[in-house]
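Next comes my_file.cif, with mmCIF, C-alpha atoms and all ligand atoms.
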```cif
data_start
loop_
_atom_site.label_atom_id
_atom_site.label_comp_id
_atom_site.auth_asym_id
_atom_site.auth_seq_id
_atom_site.Cartn_x
_atom_site.Cartn_y
_atom_site.Cartn_z
CA MET A 24 -40.28 55.64 -19.99
CA LEU A 25 -36.81 56.16 -18.50
CA LEU A 26 -36.69 52.46 -17.56
CA ILE A 27 -37.57 51.39 -21.14
CA SER A 28 -34.90 53.74 -22.58
CA ILE A 29 -32.25 52.29 -20.25
CA GLU A 30 -33.23 48.75 -21.26
CA VAL A 31 -33.12 49.58 -24.98
CA PHE A 32 -29.74 51.30 -24.51
CA GLY A 33 -28.45 48.24 -22.62
CA PHE A 34 -29.66 45.95 -25.38
CA ILE A 35 -27.89 48.02 -28.07
CA ILE A 36 -24.62 48.03 -26.10
CA ARG A 37 -24.82 44.26 -25.54
CA PHE A 38 -25.59 43.69 -29.22
CA ILE A 39 -22.61 45.81 -30.33
CA PHE A 40 -20.22 43.97 -28.00
CA LEU A 41 -21.54 40.55 -28.95
CA LYS A 42 -21.16 41.42 -32.63
CA LEU A 43 -17.63 42.64 -32.05
CA ASP A 44 -16.76 39.50 -30.08
CA PHE A 45 -17.89 37.27 -32.92
CA ASN A 46 -15.92 39.11 -35.56
CA GLU A 47 -12.71 40.29 -33.96
CA ASN A 48 -9.93 39.00 -31.76
CA TYR A 49 -10.35 40.94 -28.52
CA SER A 50 -8.36 38.54 -26.37
CA MET A 51 -5.49 39.90 -24.32
CA TYR A 52 -3.08 37.30 -25.67
CA ASN A 53 -2.11 35.49 -28.82
CA SER A 54 -0.31 32.21 -28.92
CA LYS A 55 3.03 31.85 -30.59
CA ILE A 56 4.94 28.78 -31.75
CA THR A 57 8.10 28.94 -29.64
CA GLY A 58 9.52 25.47 -30.24
CA LEU A 59 9.35 22.85 -32.99
CA GLY A 60 10.72 19.32 -33.29
CA HIS A 61 10.33 16.26 -35.43
CA TYR A 62 11.38 12.63 -35.44
CA VAL A 63 11.23 10.01 -38.19
CA PRO A 64 12.33 6.35 -37.98
CA ASP A 65 15.72 5.48 -39.55
CA ASN A 66 14.27 2.81 -41.83
CA VAL A 67 13.98 4.30 -45.35
CA VAL A 68 11.59 2.46 -47.71
CA THR A 69 12.01 3.45 -51.36
CA ASN A 70 9.52 2.97 -54.18
CA ASP A 71 11.81 0.24 -55.53
CA ASP A 72 11.64 -1.53 -52.16
CA LEU A 73 7.83 -1.54 -52.43
CA SER A 74 7.93 -2.84 -55.98
CA LYS A 75 9.62 -5.98 -54.63
CA ILE A 76 6.62 -6.84 -52.42
CA MET A 77 3.69 -5.61 -54.57
CA ASP A 78 2.85 -4.80 -58.17
CA THR A 79 3.88 -1.15 -58.26
CA ASN A 80 6.78 0.90 -59.60
CA ASP A 81 8.76 4.04 -58.96
CA GLU A 82 7.43 5.77 -62.07
CA TRP A 83 3.74 5.32 -61.12
CA ILE A 84 4.26 6.47 -57.53
CA GLN A 85 6.36 9.53 -58.43
CA GLU A 86 4.13 10.59 -61.29
CA ARG A 87 0.88 10.35 -59.29
CA THR A 88 2.10 11.47 -55.85
CA GLY A 89 5.64 12.92 -56.00
CA ILE A 90 6.77 10.42 -53.33
CA LYS A 91 10.26 8.91 -53.68
CA GLU A 92 10.60 7.26 -50.29
CA ARG A 93 9.02 7.11 -46.85
CA ARG A 94 10.01 5.90 -43.37
CA HIS A 95 8.61 2.78 -41.72
CA VAL A 96 9.14 1.85 -38.08
CA SER A 97 11.18 -1.28 -37.51
CA GLY A 98 11.33 -3.00 -34.15
CA PRO A 99 9.35 -2.19 -31.03
CA ASP A 100 11.10 1.05 -30.05
CA ASP A 101 9.33 3.43 -32.40
CA THR A 102 5.64 3.75 -31.57
CA THR A 103 3.22 6.61 -32.17
CA THR A 104 3.76 7.75 -28.57
CA SER A 105 7.53 7.25 -28.39
CA MET A 106 8.10 9.13 -31.65
CA GLY A 107 5.81 11.91 -30.42
CA VAL A 108 7.81 12.09 -27.18
CA LYS A 109 11.10 12.35 -29.10
CA ALA A 110 9.72 15.20 -31.24
CA ALA A 111 8.27 16.87 -28.13
CA LYS A 112 11.60 16.82 -26.27
CA ILE A 113 13.24 18.75 -29.12
CA ALA A 114 10.36 21.25 -29.26
CA ILE A 115 10.49 21.79 -25.47
CA GLU A 116 14.24 22.40 -25.54
CA ARG A 117 13.97 24.84 -28.45
CA ALA A 118 11.15 26.71 -26.71
CA GLY A 119 13.54 27.25 -23.80
CA ILE A 120 11.06 25.97 -21.25
CA ASP A 121 11.09 23.14 -18.75
CA LYS A 122 8.73 20.17 -19.20
CA ASP A 123 7.00 21.26 -16.02
CA ASP A 124 6.10 24.59 -17.65
CA ILE A 125 3.71 22.69 -19.95
CA ASP A 126 0.11 23.32 -18.88
CA PHE A 127 -1.68 21.03 -21.34
CA ILE A 128 -1.03 18.32 -23.94
CA VAL A 129 -2.84 17.85 -27.24
CA PHE A 130 -2.06 14.69 -29.24
CA ALA A 131 -3.36 14.19 -32.79
CA THR A 132 -3.18 10.75 -34.40
CA LEU A 133 -5.23 8.13 -36.24
CA SER A 134 -2.81 5.37 -35.24
CA PRO A 135 -2.72 5.36 -31.42
CA ASP A 136 -0.61 2.83 -29.47
CA TYR A 137 -3.78 1.56 -27.79
CA TYR A 138 -7.43 1.68 -28.79
CA PHE A 139 -7.81 3.42 -25.42
CA PRO A 140 -6.44 5.32 -23.57
CA GLY A 141 -5.14 7.68 -26.22
CA PRO A 142 -1.47 8.68 -26.45
CA GLY A 143 -1.90 12.06 -24.69
CA VAL A 144 -1.72 10.46 -21.25
CA LEU A 145 1.21 8.28 -22.33
CA VAL A 146 3.12 11.44 -23.22
CA GLN A 147 2.29 12.91 -19.82
CA ARG A 148 3.71 9.75 -18.24
CA ASP A 149 6.74 9.31 -20.51
CA LEU A 150 7.82 12.95 -20.30
CA GLY A 151 7.34 12.79 -16.53
CA ILE A 152 5.17 15.90 -16.57
CA LYS A 153 2.98 16.81 -13.59
CA THR A 154 -0.70 15.81 -13.88
CA VAL A 155 -1.76 18.32 -16.53
CA GLY A 156 -4.70 17.67 -18.87
CA ALA A 157 -4.12 15.59 -21.99
CA LEU A 158 -6.49 15.70 -24.94
CA ASP A 159 -6.52 13.30 -27.90
CA VAL A 160 -7.59 14.69 -31.25
CA ARG A 161 -9.01 12.34 -33.92
CA ASN A 162 -9.12 14.40 -37.05
CA GLN A 163 -6.73 12.44 -39.26
CA CYS A 164 -4.85 14.63 -41.77
CA SER A 165 -6.37 17.77 -40.21
CA GLY A 166 -5.46 16.60 -36.70
CA PHE A 167 -2.52 18.92 -36.16
CA VAL A 168 -4.44 21.95 -37.43
CA TYR A 169 -7.35 21.08 -35.13
CA GLY A 170 -4.88 20.58 -32.27
CA ILE A 171 -3.25 23.96 -32.87
CA SER A 172 -6.68 25.58 -32.92
CA VAL A 173 -7.62 24.02 -29.57
CA ALA A 174 -4.31 25.03 -27.99
CA ASP A 175 -4.66 28.54 -29.39
CA GLN A 176 -8.08 29.01 -27.78
CA TYR A 177 -6.78 27.89 -24.36
CA ILE A 178 -3.93 30.37 -24.58
CA LYS A 179 -6.05 33.23 -25.96
CA SER A 180 -8.56 32.76 -23.14
CA GLY A 181 -5.75 33.11 -20.59
CA MET A 182 -6.29 29.60 -19.21
CA TYR A 183 -2.86 28.20 -20.15
CA LYS A 184 0.59 29.64 -20.94
CA ASN A 185 2.32 26.73 -22.67
CA VAL A 186 0.62 23.94 -24.60
CA LEU A 187 2.38 20.98 -26.23
CA VAL A 188 0.79 19.88 -29.51
CA ILE A 189 1.94 16.61 -31.12
CA GLY A 190 1.06 14.90 -34.39
CA SER A 191 2.43 11.37 -34.76
CA GLU A 192 1.60 8.31 -36.85
CA VAL A 193 2.65 4.71 -37.36
CA HIS A 194 0.88 3.82 -40.60
CA SER A 195 3.13 1.03 -41.80
CA LYS A 196 1.83 -1.58 -39.33
CA GLY A 197 -1.78 -1.10 -40.43
CA LEU A 198 -1.41 -1.07 -44.21
CA ASP A 199 -2.03 -3.87 -46.68
CA MET A 200 1.46 -4.28 -48.14
CA THR A 201 0.30 -6.46 -51.02
CA THR A 202 -0.92 -5.55 -54.50
CA ARG A 203 -4.48 -5.47 -53.11
CA GLY A 204 -3.60 -2.46 -50.94
CA ARG A 205 -1.23 -0.63 -53.30
CA GLY A 206 -3.63 2.29 -53.94
CA VAL A 207 -3.24 3.28 -50.28
CA SER A 208 -0.08 1.68 -48.91
CA VAL A 209 2.46 3.38 -51.20
CA ILE A 210 1.30 6.82 -50.05
CA PHE A 211 1.57 6.69 -46.29
CA GLY A 212 4.63 6.90 -44.03
CA ASP A 213 5.54 7.04 -40.33
CA GLY A 214 6.84 9.97 -38.28
CA ALA A 215 6.12 12.61 -35.67
CA GLY A 216 6.24 16.37 -35.18
CA ALA A 217 5.61 18.62 -32.19
CA ALA A 218 5.14 22.27 -31.36
CA ILE A 219 5.08 24.33 -28.18
CA LEU A 220 2.52 27.14 -28.24
CA SER A 221 3.21 29.86 -25.70
CA ARG A 222 1.46 33.02 -24.55
CA GLU A 223 2.35 36.09 -26.63
CA GLU A 224 1.33 39.51 -25.31
CA ASP A 225 1.76 41.31 -28.63
CA THR A 226 -1.50 40.38 -30.37
CA SER A 227 -0.21 41.44 -33.78
CA LYS A 228 2.13 38.40 -33.66
CA GLY A 229 1.68 34.64 -33.44
CA ILE A 230 -1.45 32.77 -34.43
CA LEU A 231 -3.84 35.30 -35.94
CA SER A 232 -6.72 32.93 -36.63
CA THR A 233 -7.71 29.31 -37.17
CA HIS A 234 -10.51 27.95 -39.39
CA LEU A 235 -12.01 24.48 -39.05
CA HIS A 236 -14.54 22.50 -41.10
CA SER A 237 -16.02 19.03 -41.50
CA GLU A 238 -18.36 17.16 -43.85
CA GLY A 239 -19.28 13.79 -42.34
CA GLN A 240 -21.37 12.94 -45.37
CA HIS A 241 -18.13 11.62 -46.91
CA ALA A 242 -16.87 9.77 -43.82
CA GLU A 243 -16.53 6.41 -45.58
CA GLU A 244 -14.62 7.76 -48.62
CA LEU A 245 -11.36 7.64 -46.66
CA ALA A 246 -11.70 5.48 -43.60
CA LEU A 247 -10.76 2.47 -41.54
CA LEU A 248 -14.06 0.94 -40.44
CA ALA A 249 -13.06 -1.82 -38.03
CA PRO A 250 -12.73 -2.38 -35.20
CA GLY A 251 -15.69 -0.19 -34.35
CA MET A 252 -18.48 -0.54 -31.81
CA GLY A 253 -21.08 0.25 -34.47
CA GLY A 254 -19.75 -2.30 -36.93
CA ARG A 255 -17.27 -5.13 -36.68
CA TRP A 256 -15.43 -5.50 -33.40
CA VAL A 257 -12.15 -7.40 -32.85
CA THR A 258 -14.04 -10.46 -31.60
CA ASP A 259 -16.03 -10.61 -34.87
CA ILE A 260 -12.85 -10.44 -36.93
CA VAL A 261 -11.12 -13.11 -34.86
CA ALA A 262 -14.21 -15.38 -34.88
CA ASP A 263 -14.53 -15.12 -38.69
CA ALA A 264 -10.81 -15.75 -39.27
CA ASN A 265 -11.42 -14.81 -42.90
CA PRO A 266 -8.17 -14.21 -44.82
CA ASP A 267 -10.09 -12.05 -47.33
CA ASP A 268 -11.46 -9.77 -44.61
CA GLU A 269 -10.56 -6.18 -45.50
CA SER A 270 -12.65 -4.41 -42.86
CA TYR A 271 -9.64 -3.51 -40.71
CA LEU A 272 -7.68 -2.05 -43.64
CA PRO A 273 -7.88 1.60 -44.70
CA VAL A 274 -9.96 2.37 -47.77
CA MET A 275 -9.69 5.46 -49.96
CA ASN A 276 -11.70 6.62 -52.94
CA GLY A 277 -8.58 8.36 -54.27
CA GLN A 278 -9.98 10.42 -57.11
CA PHE A 279 -12.98 11.62 -55.08
CA VAL A 280 -10.70 12.59 -52.18
CA PHE A 281 -8.35 14.39 -54.58
CA LYS A 282 -11.16 16.45 -56.13
CA ASN A 283 -12.52 17.47 -52.73
CA ALA A 284 -9.04 18.22 -51.40
CA VAL A 285 -8.16 20.80 -54.05
CA VAL A 286 -11.47 22.63 -53.52
CA ARG A 287 -11.38 22.62 -49.72
CA PHE A 288 -7.67 23.53 -49.48
CA SER A 289 -8.32 26.57 -51.67
CA GLU A 290 -11.46 27.61 -49.78
CA VAL A 291 -9.97 27.38 -46.32
CA ILE A 292 -6.75 29.21 -47.22
CA MET A 293 -8.84 32.01 -48.76
CA GLU A 294 -11.11 32.06 -45.70
CA GLY A 295 -8.09 32.55 -43.43
CA LEU A 296 -6.62 35.30 -45.59
CA LYS A 297 -9.96 37.13 -45.81
CA ALA A 298 -10.46 36.96 -42.03
CA ASN A 299 -7.20 38.89 -41.69
CA ASN A 300 -7.80 41.26 -44.63
CA LEU A 301 -4.92 39.70 -46.56
CA GLN A 302 -4.45 38.74 -50.19
CA PRO A 303 -2.65 35.57 -51.42
CA ASP A 304 0.47 37.60 -52.33
CA ALA A 305 0.94 38.31 -48.59
CA ILE A 306 1.83 34.63 -47.99
CA ASP A 307 5.53 34.15 -47.23
CA MET A 308 5.28 30.43 -46.59
CA LEU A 309 2.42 28.00 -47.20
CA ILE A 310 2.81 24.64 -45.49
CA PRO A 311 0.14 22.35 -46.90
CA HIS A 312 -0.58 18.95 -45.38
CA GLN A 313 1.58 16.61 -47.46
CA ALA A 314 -1.21 14.55 -49.05
CA ASN A 315 0.05 14.47 -52.61
CA LEU A 316 2.61 16.69 -54.36
CA ARG A 317 0.10 17.19 -57.21
CA ILE A 318 -2.41 18.69 -54.76
CA SER A 319 0.24 21.07 -53.35
CA GLN A 320 1.26 22.08 -56.88
CA PHE A 321 -2.36 22.75 -57.83
CA ILE A 322 -2.79 25.04 -54.81
CA GLN A 323 0.52 26.77 -55.49
CA LYS A 324 -0.58 27.55 -59.05
CA LYS A 325 -4.05 28.62 -58.01
CA PHE A 326 -2.68 31.17 -55.53
CA GLY A 327 0.14 32.28 -57.87
CA LEU A 328 2.85 31.31 -55.36
CA SER A 329 6.51 30.69 -56.22
CA ASP A 330 8.47 27.57 -55.23
CA ASP A 331 9.97 29.58 -52.34
CA GLN A 332 6.50 30.27 -50.94
CA VAL A 333 5.38 26.64 -50.60
CA PHE A 334 7.16 23.95 -48.57
CA ASN A 335 6.96 20.29 -49.60
CA ASN A 336 8.78 17.26 -48.22
CA ILE A 337 6.37 14.49 -49.23
CA MET A 338 9.13 13.23 -51.56
CA LYS A 339 11.08 12.02 -48.49
CA TYR A 340 8.35 11.00 -46.06
CA GLY A 341 5.14 10.25 -47.97
CA ASN A 342 1.89 11.27 -46.31
CA THR A 343 2.32 11.14 -42.54
CA THR A 344 -1.23 12.36 -41.80
CA ALA A 345 -1.33 14.29 -38.46
CA ALA A 346 2.48 14.44 -38.41
CA SER A 347 2.92 15.92 -41.87
CA ILE A 348 2.43 19.62 -41.06
CA PRO A 349 4.58 19.66 -37.90
CA ILE A 350 7.37 17.73 -39.67
CA ALA A 351 7.24 20.11 -42.65
CA LEU A 352 7.01 23.20 -40.45
CA THR A 353 9.99 22.05 -38.40
CA GLU A 354 12.09 21.39 -41.51
CA ALA A 355 11.08 24.73 -43.06
CA TRP A 356 12.02 26.55 -39.84
CA GLU A 357 15.31 24.62 -39.50
CA GLY A 358 16.15 25.54 -43.10
CA GLY A 359 15.65 29.26 -42.40
CA LYS A 360 12.55 29.34 -44.62
CA VAL A 361 10.30 30.65 -41.85
CA LYS A 362 11.55 33.92 -40.40
CA GLU A 363 10.38 36.49 -37.88
CA GLY A 364 7.63 38.66 -39.37
CA ASP A 365 6.70 36.15 -42.11
CA LEU A 366 3.09 35.31 -42.86
CA VAL A 367 2.91 31.54 -42.52
CA VAL A 368 -0.19 29.60 -43.56
CA LEU A 369 -0.88 25.99 -42.54
CA ALA A 370 -3.65 24.14 -44.38
CA ALA A 371 -4.95 20.58 -44.18
CA PHE A 372 -7.60 18.31 -45.65
CA GLY A 373 -8.35 14.66 -45.05
CA SER A 374 -10.53 11.86 -43.78
CA GLY A 375 -13.83 12.91 -42.24
CA PHE A 376 -13.84 14.89 -44.41
CA THR A 377 -12.17 17.49 -42.20
CA TRP A 378 -10.15 20.50 -43.25
CA GLY A 379 -8.72 23.67 -41.73
CA SER A 380 -6.18 26.46 -41.87
CA VAL A 381 -4.00 28.44 -39.47
CA ILE A 382 -2.78 31.96 -40.21
CA ILE A 383 0.41 32.91 -38.37
CA ARG A 384 2.48 36.10 -38.18
CA TRP A 385 5.82 34.50 -37.24
O1 LIG B 401 -4.13 12.79 -46.83
C1 LIG B 401 -5.49 12.50 -46.99
C2 LIG B 401 -5.98 12.95 -48.27
N1 LIG B 401 -5.60 12.00 -49.29
C3 LIG B 401 -5.45 12.45 -50.52
O2 LIG B 401 -5.55 13.62 -50.75
C4 LIG B 401 -5.23 11.44 -51.62
C5 LIG B 401 -5.94 11.91 -52.87
N2 LIG B 401 -5.85 10.98 -53.98
C6 LIG B 401 -4.69 10.72 -54.64
O3 LIG B 401 -3.67 11.24 -54.27
C7 LIG B 401 -4.75 9.84 -55.86
O4 LIG B 401 -6.09 9.55 -56.16
C8 LIG B 401 -3.94 8.54 -55.69
C9 LIG B 401 -2.48 8.85 -55.71
C10 LIG B 401 -4.32 7.84 -54.42
C11 LIG B 401 -4.23 7.57 -56.85
O5 LIG B 401 -3.96 8.20 -58.08
P1 LIG B 401 -5.01 8.15 -59.25
O6 LIG B 401 -4.43 8.86 -60.37
O7 LIG B 401 -6.31 8.66 -58.72
O8 LIG B 401 -5.07 6.61 -59.60
P2 LIG B 401 -6.30 5.61 -59.54
O9 LIG B 401 -6.67 5.25 -58.16
O10 LIG B 401 -7.38 6.11 -60.44
O11 LIG B 401 -5.68 4.32 -60.24
C12 LIG B 401 -5.26 4.34 -61.61
C13 LIG B 401 -4.66 2.99 -61.96
C14 LIG B 401 -5.58 1.83 -61.60
O12 LIG B 401 -5.41 0.84 -62.58
P3 LIG B 401 -6.47 0.68 -63.79
O13 LIG B 401 -7.78 0.39 -63.13
O14 LIG B 401 -6.45 1.97 -64.51
O15 LIG B 401 -5.91 -0.46 -64.57
C15 LIG B 401 -5.02 1.31 -60.31
O16 LIG B 401 -5.28 -0.06 -60.09
O17 LIG B 401 -3.46 2.77 -61.22
C16 LIG B 401 -3.53 1.53 -60.52
N3 LIG B 401 -2.80 1.67 -59.27
C17 LIG B 401 -1.48 1.46 -59.18
N4 LIG B 401 -0.57 1.10 -60.09
C18 LIG B 401 0.71 0.97 -59.67
C19 LIG B 401 -3.27 2.04 -58.05
N5 LIG B 401 -2.26 2.08 -57.17
C20 LIG B 401 -1.15 1.72 -57.85
C21 LIG B 401 0.20 1.57 -57.47
N6 LIG B 401 1.09 1.21 -58.41
N7 LIG B 401 0.62 1.81 -56.21
#
```
Would you mind writing the file out in structure tokens?
Ligand code: UT7
Amino acid sequence: MLLISIEVFGFIIRFIFLKLDFNENYSMYNSKITGLGHYVPDNVVTNDDLSKIMDTNDEWIQERTGIKERRHVSGPDDTTTSMGVKAAKIAIERAGIDKDDIDFIVFATLSPDYYFPGPGVLVQRDLGIKTVGALDVRNQCSGFVYGISVADQYIKSGMYKNVLVIGSEVHSKGLDMTTRGRGVSVIFGDGAGAAILSREEDTSKGILSTHLHSEGQHAEELALLAPGMGGRWVTDIVADANPDDESYLPVMNGQFVFKNAVVRFSEVIMEGLKANNLQPDAIDMLIPHQANLRISQFIQKKFGLSDDQVFNNIMKYGNTTAASIPIALTEAWEGGKVKEGDLVVLAAFGSGFTWGSVIIRW
């Protein structure tokens, strides 16, 4: 009888603790963003520049997307990795750490220098960091949010103290810069952003929670299908030598993506607020992935936020996919728009579909 009672008691205790573990943050540490940096190529490409090489115009692009100009790499010096390294160097310096204090690298991109290996190891090499782990994240526009979430878990678990997270993209080399590709090519731009996440002992500060989702059912609605091992490989494309081949160009069902984006952005921001018992009016700064100014404005209206509570820079850079949030966050911070004690919300949606949010007490 006594033995059964002890077992039942043990079960109840285990159940309570498991339940608590699932619902609450009982880790000894939080992670905090201690350094931010960004880098964009010098080459500015305006809407008028694009209208000289394809059938488009400034009015259409601004009205539908809010974009006025974007940056494109020119010459061999700016690659996804090299831009990421430049952004990372600034973030490391601002964090006040040495490169050798970095315990782990996370690199998010859809436009890696090489098909493999991914750019994480190239950053380890080019920064001359000791042989720490390097992880490549392939979650497109949500890549930086996924990367932050991964880094946050490593720090919360006590495994690492400082993690470098980079989002960087060179889109311009892979776009169809003719009228055929105008529905996609006018939107995307090149650039990089980086953050250092460091251990924070005060668990009321730093990253409070992260929330990640995916819906692979819509994988082909925004995608680049080739080269892929399940479909057309490089050798097939070369052998066909078909000038009308579009399989290696990005495709986007724009209106379908737009409709899903506004729903998922709203859901995942609300999910993050709820998890922290917060209401939308608690948001000091929302940094949405810069997909389309119209999407950001829709979210702003839905949550009743003022212009000062939402940061947008898509006008200058277009959509830089995994780089868009770290570039925007860096510029917001540099402009004094993100201050100690502020509630900062990052939210992203994109190809996959994947989406996510990060809730931060700065
Ligand atoms: O970051 C990842 C997530 N991505 C997004 O969230 C993107 C979501 N989607 C969008 O932002 C919008 O759907 C776009 C900006 C991509 C497109 O805007 P839209 O209002 O959905 O335009 P549409 O694709 O329905 O095209 C309308 C018209 C078409 O012409 P017709 O068929 O009406 O004669 C297009 O051929 O606009 C034409 N069009 C263009 N015209 C001038 C498409 N691209 C262009 C262009 N310049 N660049």
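Listed by chain and then residue number, the contacts of ligand LIG 401 (chain B) are Asp78, Thr79, Asn80, Trp83, Ile84, Arg87, Thr88, Cys164, Arg205, Gly206, Val207, Val209, Gly277, Gln278, Val280, Phe281, Ala284, Gln313, Ala314, Asn315, Asn342, Thr344, Phe372, Gly373 and Ser374 of chain A (distance at most 7 Å, using only C-alpha atoms and all ligand atoms).
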Q: Please provide as a list in words all residues within 10 Å of A:Arg117, with the sequence filter that same-chain residues fewer than 5 positions apart are discarded (counting all atoms listed in the file).
A: Thr57, Gly58, Leu59, Gly60, Ala111, Lys112, Ala218 and Ile219 of chain A
Q: Could you tell me which of A:Trp385, A:Phe334, A:Tyr340, A:Phe127 comes closest to A:Val67 if we count only C-alpha atoms?
A: A:Tyr340
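Nearest residue to A:Gly295, choosing from A:Ser105, A:Ser208, A:Ser54, A:Ser380 and counting only C-alpha atoms: A:Ser380.
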Need the axis-aligned box for stretch 317-328 of chain A with 4 Å each side, so what are the centre and edges in Å to one decimal, as lines of an AutoDock Vina configuration file?
```
center_x = -0.6
center_y = 24.7
center_z = -56.2
size_x = 14.9
size_y = 23.1
size_z = 13.7
```
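Put simply, atom CA of A:Leu158 is 15.0 Å away from atom CA of A:Met182.
The nearest approach to A:Glu243 among the residues A:Gly197, A:Pro266, A:Pro273, A:Pro142, with all atoms listed in the file taken into account, belongs to A:Pro273.
Nearest to A:Lys184 of all the residues A:Ser221, A:Asn300, A:Thr154, A:Asn66 is A:Ser221, based on all atoms listed in the file.
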